[in-house]
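The next block holds one structure in the form of structure tokens; read it before the comments.
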Amino acid sequence: MQAPTDSARSGPLYKPAPRTDVKPTVFRILLAISIVHLFNDTIQSVIPAILPILKNSMSLNYTQSGIIVFALNMTASVMQPVVGMYSDRKPSPYMLPLGMVSTCLGVLGLAFAPNYWFVLLSVLLVGIGSAVFHPEASRVAFMAGGARRGLAQSIFQVGGNTGQSLASVMTALVFAPLGQLGAIWFTLVAGVAIIVQLYIAKWYGGYMAANPPVKKRNGVRVMSPARKKQIAFAVVTLIFLVFARSWYSAGITIYYPFYIMDQFGIRLEQAQLYIFLFAASGAAGTFFGGPLSDKFGRRNLILFSMLGTAPLALLLPYVGSAGAYAILLINGFILMSSFSVTVVYAQELIPGKIGTVSGLITGLAFGMGALGAVALGGLADWIHLPVVMQLVSVLPLLGLLTFLLPSDRTVKAWSQETQPE
């Protein structure tokens, strides 16, 4: 029998065999997990939003107030890699709703907390719920994303960024009129999140049953010591870049309002508008960054995110109030365009460890950013605040370290390296 000619292969009747290794993108699950991410991070934003109320009603000092935020950030951050390592060994779909139960109990306790120690306990419960949610939810986004992992992480992460931007709104609309008891309304938010996560967990379990981990019989992935060092160096570099990005973002969102109130003589309400623009444009950047990285490459997008921010960041301390609006709007978009991309890059750098690397990037690295924010506060107490803002403006230049990261093609080649047993 004669083999088909090249012309026959190019004819209308010839179709290449479909690829069986490319899974479809499940948008309903991505939308659901993004909504829960919105709910989770909105509840987290309750803590800083309610802090002025607690400070006044319980006569807390600044140190006690700082410990509340620190307890939330460190619990939610440091525990994420631990949860991720556990779930990599034993994926647990129903950890998602159980984590939100912890968050719901924390918010309920916060609404009725009679003293400072009860507040701390409630905050720890919220932090534990967040630490459980993020690695497992990132795994769901990875699975539901199919071949479009950048887009999937963007859809997932934009929910969280939107939730984080609501703190100033909640202060004005909920806690100013209702006080501490206003937190009770967020138990309803947590309840809806639990219901949605039960639906997600059912899909998650079905996916794991239909796609069990492949156990290779003829070969295992064995890396040379040199390759392990290269990957470890890349991971450390990536975490440092996320740390620098988080440090710059914290400098803007926490300290820039005080700077512009002093420089331009504006009220706190007006200063919050600058930060809302920065956060809102950052949420938009998060959404578009993933699809752009699918097209132009992960490392290229990370490089653009940092160095693209640098010129306007350096200019920001020297412009007027109108110029600051424009710069924060543009820089928020550019800076946060790599928010989801760093997670996907890390997942591809260390395949098979989705929960662990997600915990490292979204958890531990952001915890380091929170420590950086504390350091900036101490520096602002020591020297003049304008000098601190000038130092903050230099941080995006650390994006030059992106050149030390391996290219996307190199990362792909490393992930495919195997050696016979």
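As shown in the structure tokens, the chain order sets the letters A, B, ...; within each chain, residues go from 1, and ligands are also counted from 1 in the order they appear.
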Residues near segment 150-163 of chain A, cut-off 8 Å, only C-alpha atoms, skip fewer than 4 positions along chain, as a compact mmCIF listing (two decimals) with N, CA and C atoms, in the first residue's frame:
```txt
# COMPACT_ATOMS: atom_id res chain seq x y z
N THR A 25 -9.03 24.26 29.14
CA THR A 25 -9.13 25.24 30.21
C THR A 25 -10.57 25.24 30.74
N LEU A 30 -12.13 28.17 37.14
CA LEU A 30 -11.26 29.33 37.31
C LEU A 30 -12.05 30.52 37.85
N LEU A 31 -13.24 30.73 37.32
CA LEU A 31 -14.07 31.83 37.81
C LEU A 31 -14.47 31.60 39.26
N ILE A 33 -12.89 29.80 41.61
CA ILE A 33 -11.75 29.93 42.53
C ILE A 33 -11.30 31.38 42.64
N SER A 34 -11.49 32.16 41.56
CA SER A 34 -11.17 33.59 41.61
C SER A 34 -12.14 34.33 42.52
N ILE A 35 -13.42 33.95 42.47
CA ILE A 35 -14.41 34.58 43.35
C ILE A 35 -14.10 34.28 44.82
N VAL A 36 -13.72 33.02 45.09
CA VAL A 36 -13.36 32.67 46.47
C VAL A 36 -12.10 33.42 46.90
N HIS A 37 -11.15 33.59 45.96
CA HIS A 37 -9.95 34.37 46.26
C HIS A 37 -10.33 35.81 46.61
N LEU A 38 -11.30 36.36 45.88
CA LEU A 38 -11.81 37.69 46.20
C LEU A 38 -12.37 37.72 47.61
N PHE A 39 -13.19 36.73 47.95
CA PHE A 39 -13.78 36.67 49.29
C PHE A 39 -12.70 36.52 50.37
N ASN A 40 -11.74 35.61 50.13
CA ASN A 40 -10.69 35.34 51.12
C ASN A 40 -9.87 36.59 51.41
N ASP A 41 -9.42 37.27 50.35
CA ASP A 41 -8.56 38.43 50.56
C ASP A 41 -9.34 39.65 51.02
N THR A 42 -10.64 39.70 50.71
CA THR A 42 -11.48 40.75 51.28
C THR A 42 -11.57 40.59 52.79
N ILE A 43 -11.75 39.35 53.24
CA ILE A 43 -11.80 39.09 54.69
C ILE A 43 -10.46 39.41 55.34
N SER A 45 -8.50 41.68 54.40
CA SER A 45 -8.42 43.15 54.45
C SER A 45 -9.25 43.73 55.57
N SER A 138 -4.18 27.62 44.31
CA SER A 138 -3.26 27.76 43.19
C SER A 138 -3.12 26.45 42.42
N ALA A 141 -6.13 26.23 40.20
CA ALA A 141 -5.95 27.08 39.02
C ALA A 141 -5.00 26.43 38.02
N PHE A 142 -3.97 25.78 38.51
CA PHE A 142 -3.01 25.08 37.64
C PHE A 142 -3.72 23.95 36.88
N ALA A 144 -7.04 23.53 36.37
CA ALA A 144 -8.13 24.02 35.52
C ALA A 144 -7.62 24.83 34.33
N GLY A 145 -6.37 25.31 34.43
CA GLY A 145 -5.83 26.15 33.35
C GLY A 145 -5.47 25.40 32.10
N ALA A 167 -9.92 47.47 51.26
CA ALA A 167 -9.77 47.83 52.67
C ALA A 167 -10.24 49.25 52.96
N ALA A 279 -3.92 50.36 43.43
CA ALA A 279 -4.37 48.98 43.64
C ALA A 279 -5.29 48.52 42.52
N ALA A 280 -6.20 49.39 42.07
CA ALA A 280 -7.14 49.00 41.02
C ALA A 280 -6.42 48.74 39.70
N GLY A 282 -3.38 47.87 39.48
CA GLY A 282 -2.60 46.66 39.73
C GLY A 282 -3.43 45.40 39.49
N ALA A 283 -4.70 45.44 39.89
CA ALA A 283 -5.58 44.30 39.64
C ALA A 283 -5.75 44.07 38.14
N ALA A 284 -5.89 45.16 37.37
CA ALA A 284 -5.99 45.04 35.92
C ALA A 284 -4.70 44.48 35.33
N THR A 286 -2.60 42.53 36.83
CA THR A 286 -2.55 41.11 37.18
C THR A 286 -3.32 40.27 36.17
N PHE A 287 -4.49 40.76 35.75
CA PHE A 287 -5.33 40.00 34.82
C PHE A 287 -4.67 39.88 33.44
N PHE A 288 -4.11 40.98 32.94
CA PHE A 288 -3.54 40.95 31.59
C PHE A 288 -2.14 40.35 31.56
N GLY A 289 -1.44 40.34 32.70
CA GLY A 289 -0.06 39.86 32.71
C GLY A 289 0.07 38.39 32.33
N GLY A 290 -0.84 37.55 32.82
CA GLY A 290 -0.77 36.11 32.53
C GLY A 290 -0.88 35.80 31.05
N PRO A 291 -1.93 36.27 30.35
CA PRO A 291 -2.02 36.02 28.91
C PRO A 291 -0.84 36.58 28.14
N LEU A 292 -0.32 37.75 28.56
CA LEU A 292 0.85 38.31 27.87
C LEU A 292 2.07 37.43 28.05
N SER A 293 2.20 36.80 29.24
CA SER A 293 3.34 35.92 29.47
C SER A 293 3.20 34.63 28.66
N ASP A 294 1.95 34.18 28.42
CA ASP A 294 1.74 33.02 27.55
C ASP A 294 2.26 33.30 26.15
N PHE A 339 2.47 39.59 38.74
CA PHE A 339 2.01 38.99 40.00
C PHE A 339 1.73 37.50 39.83
N SER A 340 0.93 37.16 38.83
CA SER A 340 0.62 35.75 38.60
C SER A 340 1.73 35.03 37.85
N VAL A 341 2.50 35.79 37.07
CA VAL A 341 3.54 35.19 36.22
C VAL A 341 4.65 34.57 37.05
N VAL A 343 4.37 33.11 39.86
CA VAL A 343 3.89 31.82 40.38
C VAL A 343 4.01 30.75 39.30
N VAL A 344 3.56 31.07 38.08
CA VAL A 344 3.61 30.10 36.98
C VAL A 344 5.07 29.75 36.65
```
* Would you list the contacts of segment 401-417 of chain A as number ranges by chain, taking every protein, DNA or RNA residue within 12 Å and counting only C-alpha atoms, but skipping same-chain residues closer than 2 positions in sequence? => A: 219-224, 226-228, 230-242, 244, 293-307, 338, 341-342, 344-353, 395-399, 419-420
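Counting only C-alpha atoms, Ile200 of chain A has the following residues at most 10 Å away, ignoring those fewer than 6 positions along the same chain: Arg28, Ile29, Leu30, Ala32, Ile33, Val36, Pro93, Tyr94, Leu96, Pro97, Ala137, Val140, Ile194 and Gly206 of chain A.
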